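target-v9.cif (mmCIF, C-alpha atoms and all ligand atoms)
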```cif
data_run
loop_
_atom_site.label_atom_id
_atom_site.label_comp_id
_atom_site.auth_asym_id
_atom_site.auth_seq_id
_atom_site.Cartn_x
_atom_site.Cartn_y
_atom_site.Cartn_z
CA MET A 16 134.53 24.80 -127.98
CA LYS A 17 137.90 24.97 -129.71
CA LYS A 18 138.72 21.76 -131.56
CA VAL A 19 141.94 20.00 -130.60
CA ASP A 20 144.21 19.19 -133.50
CA PRO A 21 144.24 15.33 -133.57
CA SER A 22 148.02 15.22 -134.01
CA LEU A 23 148.37 17.37 -130.89
CA ARG A 24 145.97 15.17 -128.92
CA GLN A 25 148.23 12.25 -129.73
CA LYS A 26 151.10 14.17 -128.12
CA ILE A 27 149.06 15.18 -125.06
CA GLN A 28 147.62 11.71 -124.50
CA PRO A 29 150.12 9.21 -125.87
CA SER A 30 148.70 5.71 -126.21
CA ARG A 31 149.07 3.92 -122.86
CA ARG A 32 148.66 0.53 -124.53
CA ARG A 33 151.02 -1.84 -122.76
CA THR A 34 152.80 -4.73 -124.37
CA PRO A 35 153.11 -7.95 -122.38
CA ARG A 36 156.47 -8.45 -120.63
CA LEU A 37 156.97 -12.06 -121.71
CA VAL A 38 159.36 -14.16 -123.70
CA ALA A 39 157.71 -16.69 -126.00
CA THR A 40 157.41 -20.20 -124.53
CA GLU A 41 157.84 -21.88 -127.89
CA GLY A 42 161.48 -22.19 -128.85
CA LEU A 43 162.96 -21.37 -125.42
CA PRO A 44 166.58 -22.57 -125.71
CA ASN A 45 166.75 -24.57 -122.45
CA PRO A 46 163.18 -25.49 -121.50
CA THR A 47 162.80 -26.39 -117.83
CA GLU A 48 160.65 -29.27 -116.60
CA TYR A 49 157.86 -26.70 -116.07
CA VAL A 50 158.03 -25.44 -119.66
CA LEU A 51 157.96 -29.04 -120.89
CA ALA A 52 154.98 -29.79 -118.62
CA LEU A 53 153.10 -26.79 -120.04
CA GLN A 54 153.72 -28.04 -123.58
CA GLY A 55 153.16 -31.71 -122.76
CA GLU A 56 151.60 -33.30 -119.67
CA PHE A 57 149.32 -30.33 -118.87
CA ARG A 58 148.65 -29.13 -122.41
CA ASP A 59 144.91 -29.80 -122.11
CA TRP A 60 144.69 -27.74 -118.90
CA ALA A 61 147.36 -25.06 -119.30
CA LEU A 62 147.71 -22.60 -122.17
CA ASP A 63 150.85 -20.76 -123.17
CA GLU A 64 150.66 -17.10 -124.13
CA VAL A 65 149.87 -17.78 -127.81
CA ARG A 66 147.02 -20.20 -127.10
CA ALA A 67 145.75 -17.88 -124.37
CA GLN A 68 145.50 -14.98 -126.82
CA SER A 69 143.56 -17.16 -129.27
CA ALA A 70 141.05 -17.98 -126.54
CA LYS A 71 139.96 -14.33 -126.26
CA GLY A 72 136.16 -14.22 -126.29
CA LYS A 73 136.01 -18.05 -126.35
CA TRP A 74 137.09 -19.08 -122.85
CA ARG A 75 133.87 -20.92 -122.10
CA GLU A 76 134.53 -23.11 -125.15
CA VAL A 77 137.97 -23.89 -123.68
CA PHE A 78 136.22 -25.01 -120.47
CA GLY A 79 133.52 -26.83 -122.45
CA VAL A 80 130.70 -24.98 -120.67
CA SER A 81 127.72 -22.99 -121.90
CA PRO A 82 128.10 -19.32 -122.88
CA GLU A 83 126.14 -18.29 -119.76
CA ALA A 84 128.18 -20.35 -117.27
CA PRO A 85 130.10 -18.35 -114.65
CA MET A 86 133.85 -18.08 -115.16
CA ASP A 87 136.13 -16.52 -112.56
CA LEU A 88 139.75 -15.42 -112.82
CA GLU A 89 142.59 -15.59 -110.31
CA ILE A 90 145.50 -13.31 -111.15
CA GLY A 91 148.92 -14.48 -109.88
CA THR A 92 148.10 -17.95 -108.54
CA GLY A 93 151.54 -18.53 -106.98
CA ASN A 94 151.81 -22.13 -105.85
CA GLY A 95 148.08 -22.57 -106.26
CA TYR A 96 146.68 -23.38 -102.82
CA PHE A 97 143.86 -20.88 -103.20
CA PHE A 98 143.41 -21.79 -106.87
CA ALA A 99 142.75 -25.47 -106.08
CA HIS A 100 140.69 -24.60 -103.01
CA GLN A 101 138.45 -22.17 -104.90
CA ALA A 102 137.94 -24.51 -107.86
CA GLY A 103 137.05 -27.24 -105.35
CA ILE A 104 134.45 -25.28 -103.39
CA ALA A 105 132.77 -23.84 -106.52
CA LYS A 106 132.61 -26.77 -108.94
CA GLU A 107 129.61 -25.24 -110.71
CA ARG A 108 131.87 -22.37 -111.81
CA SER A 109 134.93 -22.38 -114.07
CA LEU A 110 138.16 -20.95 -112.67
CA LEU A 111 140.95 -19.63 -114.85
CA GLY A 112 144.34 -18.93 -113.31
CA LEU A 113 146.73 -16.41 -114.79
CA GLU A 114 150.43 -16.73 -114.02
CA ILE A 115 153.49 -15.22 -115.62
CA LYS A 116 156.03 -17.73 -114.25
CA PHE A 117 156.25 -21.33 -115.40
CA LYS A 118 156.93 -23.00 -112.04
CA PRO A 119 153.95 -21.60 -110.08
CA LEU A 120 151.77 -22.06 -113.15
CA ILE A 121 152.49 -25.78 -113.24
CA GLN A 122 152.33 -26.13 -109.43
CA SER A 123 148.86 -24.57 -109.51
CA ILE A 124 147.34 -26.64 -112.28
CA ARG A 125 148.98 -29.81 -110.94
CA ARG A 126 147.41 -29.18 -107.53
CA ALA A 127 143.97 -28.76 -109.11
CA ARG A 128 144.37 -31.86 -111.29
CA ARG A 129 145.58 -33.98 -108.36
CA ALA A 130 142.40 -32.94 -106.54
CA GLY A 131 140.47 -34.32 -109.53
CA LEU A 132 139.11 -30.92 -110.53
CA THR A 133 137.94 -30.46 -114.10
CA ASN A 134 136.68 -26.87 -113.78
CA ALA A 135 140.15 -25.28 -113.57
CA ARG A 136 142.46 -24.09 -116.36
CA ILE A 137 145.52 -21.89 -116.23
CA CYS A 138 147.28 -19.68 -118.72
CA ARG A 139 150.59 -17.91 -118.98
CA TYR A 140 150.37 -14.20 -119.55
CA ASP A 141 151.20 -10.77 -118.19
CA ALA A 142 148.18 -9.65 -116.18
CA SER A 143 148.79 -5.99 -116.98
CA CYS A 144 147.54 -6.76 -120.52
CA LEU A 145 144.24 -8.48 -119.69
CA GLU A 146 142.56 -6.91 -122.70
CA ASP A 147 144.69 -9.21 -124.92
CA LEU A 148 142.96 -12.23 -123.36
CA PHE A 149 139.36 -11.32 -122.67
CA ALA A 150 136.46 -9.73 -124.50
CA SER A 151 134.10 -7.21 -122.88
CA ASN A 152 131.88 -8.79 -120.19
CA GLU A 153 133.66 -12.15 -120.46
CA LEU A 154 134.72 -12.43 -116.81
CA ASP A 155 132.77 -13.02 -113.64
CA ASN A 156 134.55 -12.64 -110.28
CA VAL A 157 138.25 -11.81 -110.07
CA PHE A 158 140.73 -12.64 -107.29
CA ILE A 159 143.94 -10.67 -106.82
CA HIS A 160 145.77 -11.94 -103.76
CA HIS A 161 149.12 -10.57 -102.66
CA PRO A 162 150.24 -9.12 -106.00
CA ASP A 163 153.93 -8.19 -106.17
CA PRO A 164 154.15 -4.97 -104.07
CA TRP A 165 157.02 -3.21 -105.90
CA PRO A 166 157.87 -1.22 -102.74
CA ARG A 167 160.38 1.25 -104.20
CA GLN A 168 158.83 4.46 -105.48
CA ARG A 169 160.60 4.23 -108.82
CA ASP A 170 159.02 0.78 -109.34
CA HIS A 171 155.44 1.79 -108.57
CA LYS A 172 154.82 1.93 -112.32
CA HIS A 173 155.19 -1.87 -112.31
CA ARG A 174 152.36 -2.38 -109.83
CA LEU A 175 149.44 -4.25 -111.32
CA ILE A 176 146.83 -1.87 -109.95
CA GLN A 177 146.88 1.23 -112.16
CA THR A 178 144.11 3.48 -113.46
CA GLU A 179 144.34 1.89 -116.90
CA PHE A 180 144.29 -1.64 -115.48
CA LEU A 181 141.12 -0.93 -113.48
CA ASP A 182 139.48 0.67 -116.53
CA ASN A 183 140.24 -2.42 -118.61
CA LEU A 184 139.20 -4.85 -115.90
CA TRP A 185 135.88 -3.06 -115.45
CA THR A 186 135.15 -3.45 -119.18
CA LEU A 187 136.06 -7.15 -119.19
CA MET A 188 133.88 -8.07 -116.18
CA LYS A 189 130.16 -8.77 -116.16
CA PRO A 190 127.86 -6.35 -114.33
CA GLY A 191 127.32 -7.55 -110.76
CA SER A 192 130.68 -9.35 -110.54
CA GLU A 193 133.24 -8.56 -107.86
CA VAL A 194 136.98 -8.20 -107.37
CA SER A 195 138.56 -9.54 -104.20
CA PHE A 196 141.90 -7.85 -103.46
CA LYS A 197 144.25 -8.47 -100.57
CA THR A 198 147.80 -7.52 -99.80
CA ASP A 199 150.34 -7.64 -97.00
CA SER A 200 151.66 -4.21 -98.08
CA GLU A 201 150.04 -1.22 -96.38
CA ASP A 202 151.65 1.05 -98.95
CA TYR A 203 150.16 -0.92 -101.84
CA PHE A 204 146.75 -0.86 -100.14
CA ASP A 205 146.95 2.92 -99.73
CA TRP A 206 147.87 3.12 -103.41
CA THR A 207 144.97 0.86 -104.44
CA LEU A 208 142.00 2.30 -102.53
CA PRO A 209 142.06 5.80 -104.10
CA LEU A 210 142.45 4.24 -107.57
CA VAL A 211 139.43 2.03 -106.93
CA ASN A 212 137.45 5.01 -105.65
CA GLN A 213 138.33 7.00 -108.76
CA SER A 214 137.42 4.09 -111.05
CA LYS A 215 133.99 2.95 -112.25
CA PHE A 216 134.00 0.17 -109.63
CA ASN A 217 131.92 0.47 -106.50
CA LEU A 218 133.93 -0.20 -103.32
CA LEU A 219 131.87 -2.65 -101.25
CA TYR A 220 134.10 -3.29 -98.27
CA SER A 221 137.58 -2.62 -97.00
CA THR A 222 139.53 -3.51 -93.88
CA ARG A 223 143.06 -2.88 -92.68
CA ASP A 224 143.04 -6.09 -90.68
CA LEU A 225 141.32 -8.91 -92.52
CA HIS A 226 141.96 -11.48 -89.81
CA HIS A 227 140.12 -9.40 -87.21
CA SER A 228 137.28 -8.40 -89.52
CA ASP A 229 133.83 -9.65 -90.52
CA TRP A 230 135.44 -11.49 -93.43
CA ALA A 231 137.94 -13.45 -91.34
CA ASN A 232 135.96 -16.69 -91.18
CA GLN A 233 135.27 -16.69 -94.94
CA ASN A 234 138.90 -16.08 -95.78
CA PHE A 235 141.26 -18.70 -97.21
CA VAL A 236 144.86 -18.10 -96.13
CA THR A 237 147.12 -18.14 -99.18
CA HIS A 238 150.77 -19.17 -99.18
CA PHE A 239 152.04 -15.58 -99.09
CA GLU A 240 149.46 -14.58 -96.54
CA GLN A 241 150.69 -17.35 -94.23
CA ILE A 242 154.23 -15.97 -94.39
CA PHE A 243 153.12 -12.48 -93.35
CA LEU A 244 150.67 -13.73 -90.73
CA ALA A 245 153.47 -15.72 -89.12
CA LYS A 246 155.36 -12.43 -88.71
CA GLY A 247 152.31 -10.92 -86.99
CA GLN A 248 151.58 -8.51 -89.85
CA PRO A 249 148.02 -7.48 -90.72
CA ILE A 250 146.47 -8.31 -94.09
CA PHE A 251 144.73 -5.50 -95.98
CA TYR A 252 141.62 -6.45 -97.90
CA CYS A 253 138.92 -4.90 -100.06
CA ARG A 254 136.12 -5.95 -102.39
CA PHE A 255 134.79 -3.88 -105.24
CA GLN A 256 132.02 -4.45 -107.75
CA LYS A 257 131.04 -3.62 -111.30
CA ASN A 258 127.45 -2.45 -110.91
C1 LIG A 301 153.55 -12.56 -104.27
S1 LIG A 301 152.99 -13.89 -105.26
C2 LIG A 301 151.38 -14.27 -104.55
C3 LIG A 301 150.90 -15.64 -104.94
C4 LIG A 301 149.53 -16.07 -104.35
N1 LIG A 301 148.45 -15.26 -104.89
C5 LIG A 301 149.52 -16.04 -102.85
O1 LIG A 301 148.80 -15.21 -102.27
O2 LIG A 301 150.24 -16.86 -102.24
C6 LIG A 301 152.56 -13.07 -106.77
C7 LIG A 301 152.36 -14.02 -107.93
O3 LIG A 301 151.94 -13.25 -109.06
C8 LIG A 301 152.67 -13.64 -110.20
N2 LIG A 301 152.76 -12.44 -111.06
C9 LIG A 301 153.51 -11.34 -110.84
N3 LIG A 301 153.34 -10.44 -111.82
C10 LIG A 301 152.46 -10.99 -112.68
C11 LIG A 301 151.87 -10.56 -113.91
N4 LIG A 301 152.18 -9.36 -114.43
N5 LIG A 301 151.02 -11.38 -114.55
C12 LIG A 301 150.70 -12.60 -114.02
N6 LIG A 301 151.22 -13.06 -112.87
C13 LIG A 301 152.08 -12.28 -112.21
C14 LIG A 301 154.03 -14.08 -109.68
O4 LIG A 301 154.68 -14.95 -110.57
C15 LIG A 301 153.62 -14.74 -108.36
O5 LIG A 301 153.35 -16.12 -108.53
#
```

Is it possible to give me this structure as structure tokens?
Amino acid sequence: MKKVDPSLRQKIQPSRRRTPRLVATEGLPNPTEYVLALQGEFRDWALDEVRAQSAKGKWREVFGVSPEAPMDLEIGTGNGYFFAHQAGIAKERSLLGLEIKFKPLIQSIRRARRAGLTNARICRYDASCLEDLFASNELDNVFIHHPDPWPRQRDHKHRLIQTEFLDNLWTLMKPGSEVSFKTDSEDYFDWTLPLVNQSKFNLLYSTRDLHHSDWANQNFVTHFEQIFLAKGQPIFYCRFQKN
């Protein structure tokens, strides 16, 4: 087979490495109450982007649990109703939240702390760069609920679910662990399913109407889900696994 000139390969397959879309927390000129809470009141429970990067490969030390203990991740916690609920029903597991915005980040960790939960932590980061935060096989189950849909075609590149994202996520998860994905956007669901099918994940289940499906009675209605349910819109849901 003809060898490809490495310099040419670079041109054909430019590095798709993303850089996080974040401004540094430290030194923000007019810190809001949420920024101050991240740096102060919740410092032991919430990590800014710099501390989050330093935790890569060491998250179970952050939680103070054994290296074998299960640790799940929720991406985009919003105001944290599911985050606190999930940490509360699975106290034997650690739950890390990942949020890019300061206000929902603090709302989420505050909700968990007010419920007296000690198995929840949250960090500020851009979820499209998960490989900055986690080592291979570091994560157990992952929850992605109502990610920003970016409905306009020209913005689809900003959607969280991309081929590269799924490749990275697969590497960072432990064999046997599962991703739970739901969205109110049919278009985003139709974008996601083929990408999952093309990825190394194994699609376990999918439904175009979660609330009239086998999973309805196990489902926790998130804040965004409630808004779309109230409008009578169906919720699209799937689960996929790293074998
Ligand atoms: C539409 S809300 C859904 C919140 C919640 N999961 C729910 O179902 O109610 C999406 C959340 O994801 C967060 N988010 C968006 N892009 C993100 C990213 N790249 N990294 C981390 N969080 C992100 C937003 O700040 C927002 O809180």

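All residues that come within 6 Å of the coordinates (147.9, -27.1, -117.4), counting only C-alpha atoms, are given as Leu53, Phe57, Arg58, Trp60, Ala61, Ile124 and Ile137 of chain A.
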
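For ligand LIG 301 (chain A), the neighbouring polymer residues at 6 Å or closer are A:Ile90, A:Gly91, A:Thr92, A:Gly93, A:Leu113, A:Glu114, A:Ile115, A:Lys116, A:Pro119, A:Tyr140, A:Asp141, A:Ala142, A:Ser143, A:His160, A:His161, A:Pro162, A:Asp163, A:Thr237, A:His238, A:Phe239, A:Glu240, only C-alpha atoms and all ligand atoms being used.
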
Task: Near-Phe196 (chain A) list (7 Å; all atoms listed in the file; drop same-chain fewer than 5 positions) as a list in words - done: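 Selected residues are Phe158, Ile159, His160, Tyr252, Cys253 and Arg254 of chain A.
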
Task: Distance criterion (only C-alpha atoms): nearest to Glu193 (chain A) out of A:Lys257, A:His100, A:Arg128, A:Lys71 - done: A:Lys257

TODO: For a cut-off of 12 Å around (156.1, -30.0, -122.7), file coordinates, pick out all residues using only C-alpha atoms and list them as a ChimeraX atom specification.
DONE: /A:40-43,45-59,61-63,117,121

Open item on the list: Between CA of Leu154 (chain A) and CA of Pro85 (chain A), what distance in Å does the model show, to one decimal?
Closed with: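 So the two atoms, CA of Leu154 (chain A) and CA of Pro85 (chain A), lie 7.8 Å apart.
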
Open item on the list: For a test of reading the model, state the distance in Å between CA of Met86 (chain A) and CA of Leu218 (chain A), rounded to one decimal.
Closed with: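 Going from CA of Met86 (chain A) over to CA of Leu218 (chain A) covers 21.4 Å.
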
Task: Length of the CA of Gly191 (chain A) to CA of Asn156 (chain A) vector [Å] - done: 8.9 Å

From the block you just saw, export region 37-59 of chain A: N, CA and C atoms, as a PDB file, in the first residue's frame.
```pdb
ATOM      1  N   LEU A  37     -14.493  28.828  27.393  1.00  0.00           N
ATOM      2  CA  LEU A  37     -14.673  29.301  28.770  1.00  0.00           C
ATOM      3  C   LEU A  37     -13.797  30.507  29.036  1.00  0.00           C
ATOM      4  N   VAL A  38     -14.284  31.431  29.821  1.00  0.00           N
ATOM      5  CA  VAL A  38     -13.366  32.439  30.363  1.00  0.00           C
ATOM      6  C   VAL A  38     -12.963  31.974  31.759  1.00  0.00           C
ATOM      7  N   ALA A  39     -11.747  32.325  32.159  1.00  0.00           N
ATOM      8  CA  ALA A  39     -11.257  31.869  33.467  1.00  0.00           C
ATOM      9  C   ALA A  39     -12.084  32.501  34.591  1.00  0.00           C
ATOM     10  N   THR A  40     -12.401  31.685  35.606  1.00  0.00           N
ATOM     11  CA  THR A  40     -13.164  32.185  36.758  1.00  0.00           C
ATOM     12  C   THR A  40     -12.322  33.178  37.565  1.00  0.00           C
ATOM     13  N   GLU A  41     -11.084  32.771  37.790  1.00  0.00           N
ATOM     14  CA  GLU A  41     -10.180  33.582  38.612  1.00  0.00           C
ATOM     15  C   GLU A  41      -9.934  34.920  37.901  1.00  0.00           C
ATOM     16  N   GLY A  42     -10.115  35.989  38.619  1.00  0.00           N
ATOM     17  CA  GLY A  42      -9.792  37.296  38.047  1.00  0.00           C
ATOM     18  C   GLY A  42     -10.911  37.895  37.210  1.00  0.00           C
ATOM     19  N   LEU A  43     -12.122  37.296  37.222  1.00  0.00           N
ATOM     20  CA  LEU A  43     -13.240  37.924  36.506  1.00  0.00           C
ATOM     21  C   LEU A  43     -13.453  39.323  37.081  1.00  0.00           C
ATOM     22  N   PRO A  44     -13.611  40.340  36.226  1.00  0.00           N
ATOM     23  CA  PRO A  44     -13.642  41.717  36.736  1.00  0.00           C
ATOM     24  C   PRO A  44     -14.808  42.018  37.694  1.00  0.00           C
ATOM     25  N   ASN A  45     -16.000  41.528  37.381  1.00  0.00           N
ATOM     26  CA  ASN A  45     -17.153  41.806  38.260  1.00  0.00           C
ATOM     27  C   ASN A  45     -17.796  40.502  38.687  1.00  0.00           C
ATOM     28  N   PRO A  46     -17.174  39.776  39.627  1.00  0.00           N
ATOM     29  CA  PRO A  46     -17.710  38.457  39.982  1.00  0.00           C
ATOM     30  C   PRO A  46     -19.126  38.545  40.567  1.00  0.00           C
ATOM     31  N   THR A  47     -20.012  37.711  40.048  1.00  0.00           N
ATOM     32  CA  THR A  47     -21.391  37.673  40.565  1.00  0.00           C
ATOM     33  C   THR A  47     -21.403  36.902  41.879  1.00  0.00           C
ATOM     34  N   GLU A  48     -22.585  36.878  42.504  1.00  0.00           N
ATOM     35  CA  GLU A  48     -22.715  36.112  43.758  1.00  0.00           C
ATOM     36  C   GLU A  48     -22.410  34.631  43.514  1.00  0.00           C
ATOM     37  N   TYR A  49     -22.678  34.157  42.273  1.00  0.00           N
ATOM     38  CA  TYR A  49     -22.461  32.736  41.974  1.00  0.00           C
ATOM     39  C   TYR A  49     -20.967  32.433  41.821  1.00  0.00           C
ATOM     40  N   VAL A  50     -20.241  33.369  41.217  1.00  0.00           N
ATOM     41  CA  VAL A  50     -18.790  33.207  41.103  1.00  0.00           C
ATOM     42  C   VAL A  50     -18.180  33.216  42.500  1.00  0.00           C
ATOM     43  N   LEU A  51     -18.638  34.138  43.329  1.00  0.00           N
ATOM     44  CA  LEU A  51     -18.101  34.230  44.697  1.00  0.00           C
ATOM     45  C   LEU A  51     -18.430  32.968  45.493  1.00  0.00           C
ATOM     46  N   ALA A  52     -19.628  32.410  45.252  1.00  0.00           N
ATOM     47  CA  ALA A  52     -20.014  31.180  45.970  1.00  0.00           C
ATOM     48  C   ALA A  52     -19.137  30.005  45.531  1.00  0.00           C
ATOM     49  N   LEU A  53     -18.800  29.968  44.245  1.00  0.00           N
ATOM     50  CA  LEU A  53     -17.921  28.901  43.733  1.00  0.00           C
ATOM     51  C   LEU A  53     -16.543  28.997  44.392  1.00  0.00           C
ATOM     52  N   GLN A  54     -16.069  30.227  44.568  1.00  0.00           N
ATOM     53  CA  GLN A  54     -14.730  30.403  45.140  1.00  0.00           C
ATOM     54  C   GLN A  54     -14.731  30.372  46.669  1.00  0.00           C
ATOM     55  N   GLY A  55     -15.934  30.522  47.270  1.00  0.00           N
ATOM     56  CA  GLY A  55     -15.993  30.623  48.723  1.00  0.00           C
ATOM     57  C   GLY A  55     -16.837  29.542  49.374  1.00  0.00           C
ATOM     58  N   GLU A  56     -18.134  29.858  49.567  1.00  0.00           N
ATOM     59  CA  GLU A  56     -19.029  28.980  50.330  1.00  0.00           C
ATOM     60  C   GLU A  56     -19.008  27.521  49.840  1.00  0.00           C
ATOM     61  N   PHE A  57     -18.955  27.328  48.519  1.00  0.00           N
ATOM     62  CA  PHE A  57     -19.062  25.951  47.999  1.00  0.00           C
ATOM     63  C   PHE A  57     -17.727  25.388  47.525  1.00  0.00           C
ATOM     64  N   ARG A  58     -16.646  26.017  47.902  1.00  0.00           N
ATOM     65  CA  ARG A  58     -15.321  25.632  47.399  1.00  0.00           C
ATOM     66  C   ARG A  58     -15.011  24.144  47.611  1.00  0.00           C
ATOM     67  N   ASP A  59     -15.482  23.590  48.720  1.00  0.00           N
ATOM     68  CA  ASP A  59     -15.188  22.173  48.995  1.00  0.00           C
ATOM     69  C   ASP A  59     -16.019  21.230  48.122  1.00  0.00           C
TER      70      ASP A  59
END
```
